[in-house]
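File shown: coords-v7.txt. Contents: compact mmCIF, C-alpha atoms.
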```txt
# COMPACT_ATOMS: atom_id res chain seq x y z
CA MET A 11 0.00 0.00 0.00
CA SER A 12 1.40 3.41 -0.84
CA ARG A 13 2.29 5.78 1.98
CA GLN A 14 -0.28 8.23 0.71
CA SER A 15 -3.21 5.90 1.07
CA ASN A 16 -1.95 4.77 4.46
CA ARG A 17 -2.04 8.31 5.68
CA THR A 18 -5.55 8.87 4.36
CA THR A 19 -6.80 5.71 6.00
CA ASP A 20 -5.09 6.66 9.26
CA SER A 21 -6.62 10.09 9.07
CA LYS A 22 -10.09 8.64 8.53
CA LYS A 23 -9.65 6.26 11.42
CA MET A 24 -8.44 9.09 13.61
CA ASN A 25 -11.47 11.20 12.76
CA SER A 26 -13.70 8.25 13.42
CA GLU A 27 -12.09 7.56 16.80
CA LEU A 28 -12.35 11.21 17.80
CA PHE A 29 -16.02 11.30 16.82
CA THR A 30 -16.90 8.05 18.54
CA LEU A 31 -15.16 9.02 21.77
CA THR A 32 -16.69 12.50 21.78
CA TYR A 33 -20.12 11.01 21.21
CA GLY A 34 -19.57 8.68 24.14
CA ALA A 35 -18.55 11.60 26.34
CA LEU A 36 -21.69 13.44 25.27
CA VAL A 37 -24.03 10.56 26.10
CA THR A 38 -22.29 10.16 29.46
CA GLN A 39 -22.80 13.86 30.16
CA LEU A 40 -26.47 13.68 29.18
CA CYS A 41 -27.02 10.69 31.46
CA LYS A 42 -25.61 12.77 34.29
CA ASP A 43 -27.78 15.76 33.44
CA TYR A 44 -31.08 13.96 32.97
CA GLU A 45 -33.07 11.75 35.30
CA ASN A 46 -34.15 9.10 32.88
CA ASP A 47 -33.31 7.49 29.56
CA GLU A 48 -36.34 8.92 27.81
CA GLU A 49 -35.12 12.45 28.44
CA VAL A 50 -31.66 11.56 27.17
CA ASN A 51 -33.17 10.01 24.05
CA LYS A 52 -35.15 13.19 23.43
CA GLN A 53 -32.12 15.37 23.92
CA LEU A 54 -30.03 13.27 21.55
CA ASP A 55 -32.77 13.52 18.95
CA LYS A 56 -32.93 17.30 19.37
CA MET A 57 -29.18 17.70 19.08
CA GLY A 58 -29.15 15.42 16.08
CA TYR A 59 -31.83 17.56 14.49
CA ASN A 60 -29.73 20.71 15.01
CA ILE A 61 -26.79 18.98 13.38
CA GLY A 62 -28.90 17.58 10.55
CA VAL A 63 -30.27 20.95 9.43
CA ARG A 64 -26.69 22.15 8.95
CA LEU A 65 -25.15 18.91 7.78
CA ILE A 66 -27.44 18.78 4.75
CA GLU A 67 -25.78 21.85 3.28
CA ASP A 68 -22.37 20.35 3.85
CA PHE A 69 -23.57 17.16 2.20
CA LEU A 70 -25.07 18.87 -0.84
CA ALA A 71 -21.93 20.92 -1.30
CA ARG A 72 -19.66 17.90 -1.16
CA SER A 73 -21.70 15.44 -3.12
CA SER A 74 -23.30 17.63 -5.79
CA ILE A 75 -26.24 15.25 -5.81
CA GLY A 76 -29.32 16.68 -7.51
CA ARG A 77 -32.88 16.45 -6.31
CA CYS A 78 -34.07 12.90 -5.68
CA GLN A 79 -36.98 11.77 -7.83
CA ASP A 80 -38.62 9.65 -5.18
CA PHE A 81 -38.26 8.14 -1.73
CA ARG A 82 -36.42 5.12 -3.09
CA GLU A 83 -33.74 7.31 -4.54
CA THR A 84 -33.57 9.21 -1.25
CA ALA A 85 -32.99 5.94 0.57
CA ASP A 86 -30.15 5.01 -1.78
CA VAL A 87 -28.49 8.38 -1.45
CA ILE A 88 -28.69 8.23 2.33
CA ALA A 89 -27.21 4.76 2.50
CA LYS A 90 -24.68 4.74 -0.30
CA VAL A 91 -23.51 8.35 -0.31
CA ALA A 92 -24.21 10.08 3.00
CA PHE A 93 -23.48 7.27 5.44
CA LYS A 94 -20.41 6.27 3.46
CA MET A 95 -19.13 9.80 3.29
CA TYR A 96 -19.57 10.71 6.93
CA LEU A 97 -19.41 7.46 8.83
CA GLY A 98 -17.43 5.28 6.47
CA THR A 99 -20.08 2.57 6.47
CA THR A 100 -22.77 1.67 3.94
CA PRO A 101 -25.99 0.34 5.41
CA SER A 102 -28.22 -1.80 3.24
CA VAL A 103 -31.68 -0.60 2.32
CA SER A 104 -34.46 -3.12 2.82
CA ASN A 105 -37.90 -3.94 4.23
CA TRP A 106 -39.78 -1.59 1.98
CA SER A 107 -43.44 -1.15 2.87
CA PRO A 108 -45.90 -2.03 0.08
CA ALA A 109 -46.77 1.65 -0.32
CA GLY A 110 -43.08 2.49 -0.75
CA ASP A 111 -43.18 5.05 2.03
CA GLU A 112 -41.20 3.21 4.64
CA PHE A 113 -37.86 1.37 4.63
CA SER A 114 -35.08 0.16 6.85
CA LEU A 115 -31.40 0.94 6.94
CA ILE A 116 -29.55 -2.08 8.22
CA LEU A 117 -26.14 -1.34 9.68
CA GLU A 118 -23.86 -4.31 10.12
CA ASN A 119 -21.59 -2.12 12.15
CA ASN A 120 -22.42 1.15 13.83
CA PRO A 121 -19.30 3.27 14.33
CA LEU A 122 -20.91 5.20 17.20
CA VAL A 123 -20.95 2.13 19.41
CA ASP A 124 -17.35 0.97 19.11
CA PHE A 125 -16.26 -0.19 22.56
CA VAL A 126 -19.61 0.78 24.05
CA GLU A 127 -21.64 -1.32 26.44
CA LEU A 128 -24.91 -0.25 27.97
CA PRO A 129 -25.00 -0.63 31.72
CA ASP A 130 -28.02 -2.49 33.13
CA ASN A 131 -29.68 0.61 34.49
CA HIS A 132 -29.89 2.16 31.03
CA SER A 133 -31.79 -0.51 29.18
CA THR A 134 -34.15 1.96 27.52
CA LEU A 135 -31.43 4.29 26.32
CA VAL A 136 -31.32 4.61 22.56
CA TYR A 137 -27.61 5.30 22.50
CA SER A 138 -27.35 6.28 18.84
CA ASN A 139 -30.51 8.38 18.81
CA LEU A 140 -28.53 11.35 17.52
CA LEU A 141 -28.61 9.66 14.12
CA CYS A 142 -32.41 9.74 14.03
CA GLY A 143 -32.39 13.47 14.68
CA VAL A 144 -29.72 14.07 12.05
CA LEU A 145 -31.70 12.23 9.38
CA ARG A 146 -34.93 13.97 10.33
CA GLY A 147 -33.34 17.44 10.36
CA ALA A 148 -31.47 16.95 7.13
CA LEU A 149 -34.49 15.68 5.23
CA GLU A 150 -36.70 18.45 6.58
CA MET A 151 -34.37 20.93 4.89
CA VAL A 152 -35.06 19.23 1.60
CA GLN A 153 -38.80 19.40 2.09
CA MET A 154 -39.40 15.93 3.47
CA ALA A 155 -41.06 15.28 6.81
CA VAL A 156 -39.98 11.86 8.01
CA ASP A 157 -40.24 9.75 11.09
CA VAL A 158 -37.02 7.99 12.07
CA ARG A 159 -36.52 5.48 14.81
CA PHE A 160 -34.35 2.55 15.81
CA ALA A 161 -36.09 -0.78 15.27
CA GLN A 162 -33.11 -2.91 16.29
CA ASP A 163 -29.98 -2.04 18.21
CA THR A 164 -26.87 -4.20 18.69
CA LEU A 165 -26.31 -2.49 22.02
CA ARG A 166 -29.57 -3.93 23.24
CA GLY A 167 -28.80 -7.43 22.12
CA ASP A 168 -30.07 -7.44 18.54
CA ASN A 169 -27.92 -8.90 15.76
CA VAL A 170 -27.97 -5.80 13.65
CA THR A 171 -28.79 -2.16 13.99
CA GLU A 172 -31.91 -1.24 12.06
CA ILE A 173 -33.11 2.31 11.49
CA ARG A 174 -36.67 2.56 10.25
CA MET A 175 -37.53 5.62 8.13
CA LYS A 176 -41.09 6.58 7.24
CA PHE A 177 -42.12 9.30 4.83
CA ILE A 178 -44.81 11.46 6.41
CA LYS A 179 -45.38 14.23 3.92
CA ARG A 180 -43.84 16.73 1.62
CA ILE A 181 -43.16 20.11 3.23
CA GLU A 182 -44.23 22.98 1.05
CA GLU A 183 -41.49 25.51 0.50
CA ASN A 184 -42.27 28.81 2.17
CA LEU A 185 -41.40 31.49 -0.25
CA PRO A 186 -40.43 34.74 1.40
CA ALA A 187 -42.96 37.49 1.01
CA GLY A 188 -42.03 40.41 -1.19
CA ASP A 189 -39.76 40.66 -4.15
CA GLU A 190 -37.89 37.53 -5.05
CA MET B 64 -12.51 16.18 4.35
CA ALA B 65 -16.00 14.82 4.85
CA ASP B 66 -14.93 12.45 7.59
CA GLU B 67 -13.88 15.39 9.75
CA ALA B 68 -17.33 16.89 9.51
CA PRO B 69 -19.09 14.60 12.03
CA PHE B 70 -16.67 15.53 14.82
CA GLN B 71 -16.78 19.25 14.03
CA PHE B 72 -20.57 19.34 13.88
CA LEU B 73 -20.82 17.29 17.05
CA HIS B 74 -18.25 19.48 18.84
CA ASN B 75 -20.25 22.60 17.97
CA GLU B 76 -23.50 21.04 19.09
CA VAL B 77 -21.98 19.89 22.38
CA ILE B 78 -20.91 23.50 23.06
CA GLN B 79 -24.42 24.76 22.26
CA TYR B 80 -25.90 22.15 24.56
CA ILE B 81 -23.62 22.88 27.50
CA TYR B 82 -24.28 26.60 27.26
CA LYS B 83 -28.00 26.35 26.64
CA SER B 84 -28.71 23.95 29.45
CA ALA B 85 -26.83 26.12 31.90
CA ASP B 86 -29.41 28.77 31.19
CA SER B 87 -27.17 31.40 32.53
CA GLY B 88 -25.24 34.57 32.55
CA ASP B 89 -21.56 34.98 33.05
CA THR B 90 -21.48 33.27 36.40
CA GLU B 91 -21.94 29.86 34.82
CA HIS B 92 -19.33 30.43 32.17
CA GLY B 93 -16.48 29.00 34.22
CA GLY B 94 -18.47 25.89 35.03
CA ASN B 95 -19.32 25.33 31.41
CA ILE B 96 -15.73 25.73 30.29
CA SER B 97 -14.82 23.23 32.96
CA THR B 98 -17.43 20.73 31.78
CA LEU B 99 -16.21 21.01 28.21
CA GLU B 100 -12.60 20.67 29.29
CA ASN B 101 -13.38 17.56 31.31
CA MET B 102 -15.19 15.98 28.39
CA GLY B 103 -12.20 16.71 26.20
CA CYS B 104 -9.92 15.17 28.78
CA ARG B 105 -11.91 11.92 28.85
CA VAL B 106 -11.73 11.79 25.08
CA GLY B 107 -8.02 12.59 25.10
CA GLN B 108 -7.40 9.74 27.49
CA GLY B 109 -9.28 7.40 25.20
CA LEU B 110 -7.37 8.32 22.06
CA LYS B 111 -5.02 5.50 21.21
CA ARG B 112 -4.20 6.34 17.64
CA PRO B 113 -1.93 9.40 18.07
CA LEU B 114 0.21 7.49 20.51
CA THR B 115 1.49 4.76 18.27
CA LYS B 116 4.99 6.13 18.46
CA ASP B 117 7.14 4.22 20.88
CA THR B 118 6.60 6.47 23.85
CA ALA B 119 9.25 4.80 25.95
CA ARG B 120 11.77 6.54 23.72
CA PHE B 121 11.03 10.03 25.07
CA LYS B 122 14.26 11.39 26.50
CA ASP B 123 12.73 14.17 28.51
CA GLU B 124 9.85 16.58 28.89
CA LEU B 125 10.88 18.66 25.90
CA ASP B 126 10.88 15.54 23.78
CA ILE B 127 7.30 14.85 24.81
CA MET B 128 6.31 18.42 23.96
CA LYS B 129 7.89 18.15 20.55
CA PHE B 130 5.90 14.99 20.02
CA VAL B 131 2.72 16.85 20.97
CA CYS B 132 3.58 19.67 18.60
CA LYS B 133 4.35 17.45 15.66
CA ASP B 134 2.90 13.96 15.68
CA PHE B 135 -0.02 14.48 18.03
CA TRP B 136 -1.13 17.81 16.58
CA THR B 137 -0.85 16.50 13.02
CA CYS B 138 -2.82 13.41 13.90
CA VAL B 139 -5.64 15.14 15.70
CA PHE B 140 -5.65 18.68 14.29
CA LYS B 141 -4.25 17.94 10.82
CA LYS B 142 -1.22 20.22 11.02
CA GLN B 143 1.80 20.84 13.18
CA ILE B 144 2.09 23.49 15.81
CA ASP B 145 3.64 26.57 14.24
CA ASN B 146 5.71 27.73 17.16
CA LEU B 147 6.79 26.27 20.48
CA ARG B 148 8.20 28.35 23.31
CA THR B 149 9.22 27.34 26.79
CA ASN B 150 10.72 28.85 29.88
CA HIS B 151 12.48 25.54 30.53
CA GLN B 152 10.69 25.44 33.84
CA GLY B 153 7.64 23.46 32.91
CA ILE B 154 5.68 26.05 30.95
CA TYR B 155 5.18 25.60 27.24
CA VAL B 156 3.35 27.84 24.82
CA LEU B 157 2.14 26.23 21.60
CA GLN B 158 1.11 28.54 18.83
CA ASP B 159 -1.25 27.33 16.13
CA ASN B 160 -1.79 29.98 13.47
CA LYS B 161 -4.76 28.28 11.92
CA PHE B 162 -6.47 26.17 14.55
CA ARG B 163 -8.87 23.87 12.85
CA LEU B 164 -11.73 24.20 15.28
CA LEU B 165 -11.62 27.99 15.09
CA SER B 166 -11.30 28.47 11.36
CA GLN B 167 -15.04 28.12 10.87
CA LEU B 168 -15.88 30.52 13.64
CA SER B 169 -14.34 33.63 12.21
CA ALA B 170 -11.22 35.17 10.78
CA GLY B 171 -10.26 38.09 12.92
CA LYS B 172 -11.93 39.47 15.97
CA GLN B 173 -15.57 38.75 15.35
CA TYR B 174 -17.06 36.43 18.00
CA LEU B 175 -13.83 36.66 19.99
CA GLU B 176 -15.72 36.38 23.25
CA HIS B 177 -17.01 32.97 22.14
CA ALA B 178 -13.62 31.59 21.21
CA PRO B 179 -12.84 30.14 24.67
CA LYS B 180 -15.88 27.86 24.35
CA TYR B 181 -14.41 26.45 21.18
CA LEU B 182 -11.05 25.81 22.75
CA ALA B 183 -12.04 24.25 26.06
CA PHE B 184 -12.63 20.77 24.69
CA SER B 185 -9.28 20.78 22.86
CA CYS B 186 -7.46 21.91 25.99
CA GLY B 187 -8.91 18.89 27.74
CA LEU B 188 -7.97 16.68 24.81
CA VAL B 189 -4.34 17.69 25.15
CA ARG B 190 -4.42 17.27 28.94
CA GLY B 191 -5.92 13.81 28.56
CA ALA B 192 -3.40 12.73 25.97
CA LEU B 193 -0.51 14.02 28.08
CA SER B 194 -1.77 12.05 31.06
CA ASN B 195 -1.50 8.92 28.90
CA LEU B 196 2.15 9.83 28.45
CA GLY B 197 2.57 10.08 32.19
CA VAL B 198 2.52 13.86 32.25
CA LYS B 199 0.22 15.79 34.56
CA SER B 200 -0.61 19.24 33.28
CA ILE B 201 -2.89 22.20 33.19
CA VAL B 202 -3.80 23.30 29.69
CA THR B 203 -5.32 26.64 28.82
CA ALA B 204 -5.73 28.55 25.60
CA GLU B 205 -6.02 32.11 24.52
CA VAL B 206 -6.98 33.81 21.31
CA SER B 207 -6.41 37.31 20.09
CA VAL B 208 -7.03 37.02 16.39
CA MET B 209 -8.80 33.98 15.00
CA PRO B 210 -8.05 31.43 13.76
CA ALA B 211 -4.67 31.73 15.48
CA CYS B 212 -4.47 30.67 19.11
CA LYS B 213 -1.98 29.80 21.81
CA PHE B 214 -2.17 26.78 24.04
CA GLN B 215 -0.34 27.03 27.32
CA ILE B 216 0.72 23.81 28.97
CA MET B 217 1.88 23.92 32.57
CA ILE B 218 3.52 20.70 33.64
CA GLN B 219 2.63 19.72 37.18
CA LYS B 220 5.24 17.87 39.14
CA MET B 221 3.71 14.58 40.23
```
What would the structure in this file look like if it were written as structure tokens?
Amino acid sequence: MSRQSNRTTDSKKMNSELFTLTYGALVTQLCKDYENDEEVNKQLDKMGYNIGVRLIEDFLARSSIGRCQDFRETADVIAKVAFKMYLGTTPSVSNWSPAGDEFSLILENNPLVDFVELPDNHSTLVYSNLLCGVLRGALEMVQMAVDVRFAQDTLRGDNVTEIRMKFIKRIEENLPAGDE
Amino acid sequence: MADEAPFQFLHNEVIQYIYKSADSGDTEHGGNISTLENMGCRVGQGLKRPLTKDTARFKDELDIMKFVCKDFWTCVFKKQIDNLRTNHQGIYVLQDNKFRLLSQLSAGKQYLEHAPKYLAFSCGLVRGALSNLGVKSIVTAEVSVMPACKFQIMIQKM
């Protein structure tokens, strides 16, 4: 392997480690600040949302992806471009609902949970809930209202991590009043 | 690089969270800085990757500082420290002319009063990493013109 690609890989791994550890420190802090898991889950979702509404611009700038034609294309872009770009992992898209408005992202490995174990007294904590908020916030900025939740979680004993995404409705663009 | 984005976005959001939840005026500021610094320290202690160099080969304290300025800084902050000064009595000043976590905040003096929030975590990171190298320290940072900043490391005798 050339030295150049070694350095890039090392750099990616470094960024990943820094992110994973920081995320862990954040969840730990939230567990200290809030009484129960449900509150922590909500907070993670909110923070994820705040990140998502900004991340989408970063994503669009880096990927130069055009407007998706339908929800299926959205799913593919999320899995094959966005997840790969930011988290270095490509979930598979599956379990489409008959109406085509709901699907699952299956993550074989979830970088956020490297070296993480949930203690017994936090069995209802959705550790990676930030991701749900990020997806929700990002999609809202491109006029899609979606519901995102974890259906399976390796931290809670499941074999895989499954994120379920449901299309709720299209958000009409609010044009500013006045001259445009 | 895209893979840096998650950490930077998360770092910013953590700062917003810490300051929002304190719901405060200036009196809470010190506590918030402290919380951020402690989080950074925990992360710094967990970082294994920058420390792959054979750390048993450090001759002395200065050697460790040079390692921090070159290898560690490059690994974590993507560039070397631009200038290192010391009084040879345990105080080191590390100057980074383009600190990565500040370059998106502003260039110049705008938002200067917010800069400490964006440095606290990194100070902790350095303190945590140094503790892995067996060095106890106090790390602070100051900014006069962004994105340049100075980290001051005070080695504590164990």
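Between CA of Asp159 (chain B) and CA of Ile144 (chain B) lies a distance of 5.1 Å.
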Dump as a tab-separated table the rows for residues of chain B within 8 Å of chain A: closest atom pair and distance in Å with one decimal, all atoms listed in the file counted, ordered by chain and rising residue number.
```
residue	atom	partner	partner_atom	distance
B:Ala65	CA	A:Tyr96	CA	5.8
B:Asp66	CA	A:Tyr96	CA	5.0
B:Glu67	CA	A:Asn25	CA	5.7
B:Ala68	CA	A:Tyr96	CA	7.1
B:Pro69	CA	A:Tyr96	CA	6.4
B:Phe70	CA	A:Phe29	CA	4.7
B:Phe72	CA	A:Ile61	CA	6.3
B:Leu73	CA	A:Ile61	CA	7.2
B:His74	CA	A:Thr32	CA	7.7
B:Glu76	CA	A:Met57	CA	6.6
B:Val77	CA	A:Leu36	CA	7.1
B:Tyr80	CA	A:Met57	CA	7.8
B:Met102	CA	A:Ala35	CA	5.9
B:Gly103	CA	A:Thr32	CA	7.6
B:Arg105	CA	A:Ala35	CA	7.1
B:Val106	CA	A:Leu31	CA	5.5
B:Gly109	CA	A:Leu31	CA	7.0
B:Leu110	CA	A:Glu27	CA	7.1
B:Arg112	CA	A:Met24	CA	6.5
B:Pro113	CA	A:Met24	CA	7.9
B:Cys138	CA	A:Ser21	CA	7.0
B:Val139	CA	A:Met24	CA	7.0
```
Based on the selection just made, write C-alpha atoms of those residues as a PDB file, keeping the file's coordinate frame.
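Saved result, result27.pdb, follows:
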```pdb
ATOM      1  CA  ALA B  65     -16.000  14.820   4.850  1.00  0.00           C
ATOM      2  CA  ASP B  66     -14.930  12.450   7.590  1.00  0.00           C
ATOM      3  CA  GLU B  67     -13.880  15.390   9.750  1.00  0.00           C
ATOM      4  CA  ALA B  68     -17.330  16.890   9.510  1.00  0.00           C
ATOM      5  CA  PRO B  69     -19.090  14.600  12.030  1.00  0.00           C
ATOM      6  CA  PHE B  70     -16.670  15.530  14.820  1.00  0.00           C
ATOM      7  CA  PHE B  72     -20.570  19.340  13.880  1.00  0.00           C
ATOM      8  CA  LEU B  73     -20.820  17.290  17.050  1.00  0.00           C
ATOM      9  CA  HIS B  74     -18.250  19.480  18.840  1.00  0.00           C
ATOM     10  CA  GLU B  76     -23.500  21.040  19.090  1.00  0.00           C
ATOM     11  CA  VAL B  77     -21.980  19.890  22.380  1.00  0.00           C
ATOM     12  CA  TYR B  80     -25.900  22.150  24.560  1.00  0.00           C
ATOM     13  CA  MET B 102     -15.190  15.980  28.390  1.00  0.00           C
ATOM     14  CA  GLY B 103     -12.200  16.710  26.200  1.00  0.00           C
ATOM     15  CA  ARG B 105     -11.910  11.920  28.850  1.00  0.00           C
ATOM     16  CA  VAL B 106     -11.730  11.790  25.080  1.00  0.00           C
ATOM     17  CA  GLY B 109      -9.280   7.400  25.200  1.00  0.00           C
ATOM     18  CA  LEU B 110      -7.370   8.320  22.060  1.00  0.00           C
ATOM     19  CA  ARG B 112      -4.200   6.340  17.640  1.00  0.00           C
ATOM     20  CA  PRO B 113      -1.930   9.400  18.070  1.00  0.00           C
ATOM     21  CA  CYS B 138      -2.820  13.410  13.900  1.00  0.00           C
ATOM     22  CA  VAL B 139      -5.640  15.140  15.700  1.00  0.00           C
TER      23      VAL B 139
END
```
Axis-aligned box over every listed atom of region 130-134 of chain B, padded by 5 Å per side: centre and edges in Å to one decimal, as lines of an AutoDock Vina configuration file?
```
center_x = 4.3
center_y = 16.8
center_z = 18.3
size_x = 13.2
size_y = 15.7
size_z = 15.3
```
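The residue set within 12 Å of Asn160 (chain B), counting only C-alpha atoms and dropping same-chain residues fewer than 6 places from it, reads Phe140, Lys142, Gln143, Ile144, Asp145, Asn146, Leu147, Ser166, Ala170, Gly171, Val206, Ser207, Val208, Met209, Pro210, Ala211, Cys212, Lys213 and Phe214 of chain B.
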Resulting file, chosen residues, C-alpha atoms, as a compact mmCIF listing (two decimals), keeping the file's coordinate frame:
```txt
# COMPACT_ATOMS: atom_id res chain seq x y z
CA PHE B 140 -5.65 18.68 14.29
CA LYS B 142 -1.22 20.22 11.02
CA GLN B 143 1.80 20.84 13.18
CA ILE B 144 2.09 23.49 15.81
CA ASP B 145 3.64 26.57 14.24
CA ASN B 146 5.71 27.73 17.16
CA LEU B 147 6.79 26.27 20.48
CA SER B 166 -11.30 28.47 11.36
CA ALA B 170 -11.22 35.17 10.78
CA GLY B 171 -10.26 38.09 12.92
CA VAL B 206 -6.98 33.81 21.31
CA SER B 207 -6.41 37.31 20.09
CA VAL B 208 -7.03 37.02 16.39
CA MET B 209 -8.80 33.98 15.00
CA PRO B 210 -8.05 31.43 13.76
CA ALA B 211 -4.67 31.73 15.48
CA CYS B 212 -4.47 30.67 19.11
CA LYS B 213 -1.98 29.80 21.81
CA PHE B 214 -2.17 26.78 24.04
```
Close residues, Asp47 (chain A) itself excluded, 10 Å, all atoms listed in the file, min 5 positions apart in chain, as a PyMOL selection string:
chain A and resi 40-41+52-53+131-137
Interatomic distance between CA of Lys133 (chain B) and CA of Thr98 (chain B)?
27.3 Å
Quick one: of B:Leu165, B:Ile96, B:Ile218, B:Leu157, who's nearest to Arg190 (chain B), counting all atoms listed in the file?
B:Ile218
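Counting from CA of Val156 (chain A), the distance to CA of Ile178 (chain A) is 5.1 Å.
Shortest atom-to-atom contact with Ser114 (chain A) among A:Leu54, A:Val37, A:Ile173, A:Val126: A:Ile173, counting only C-alpha atoms.
The neighbours of Leu117 (chain A) here are the residues that come within 12 Å of it, using all atoms listed in the file and leaving out any residue fewer than 5 positions away in the same chain; they are A:Ala89, A:Lys90, A:Phe93, A:Lys94, A:Leu97, A:Gly98, A:Thr99, A:Thr100, A:Pro101, A:Ser102, A:Val103, A:Ser104, A:Leu122, A:Val123, A:Ser138, A:Phe160, A:Ala161, A:Gln162, A:Asp163, A:Thr164, A:Asp168, A:Asn169, A:Val170, A:Thr171, A:Glu172, A:Ile173, A:Arg174.
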My list of candidates is B:Ser194, B:Gln219, B:Ser185, B:Gln71. Which is closest to Gln152 (chain B) when distances are computed with only C-alpha atoms?
B:Gln219
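A distance cut-off of 8 Å around (-15.3, 27.9, 27.9), counting all atoms listed in the file, selects these protein and nucleic acid residues: His92, Gly93, Asn95, Ile96, Ser97, Leu99, Glu100, His177, Ala178, Pro179, Lys180, Tyr181, Leu182 and Ala183 of chain B.
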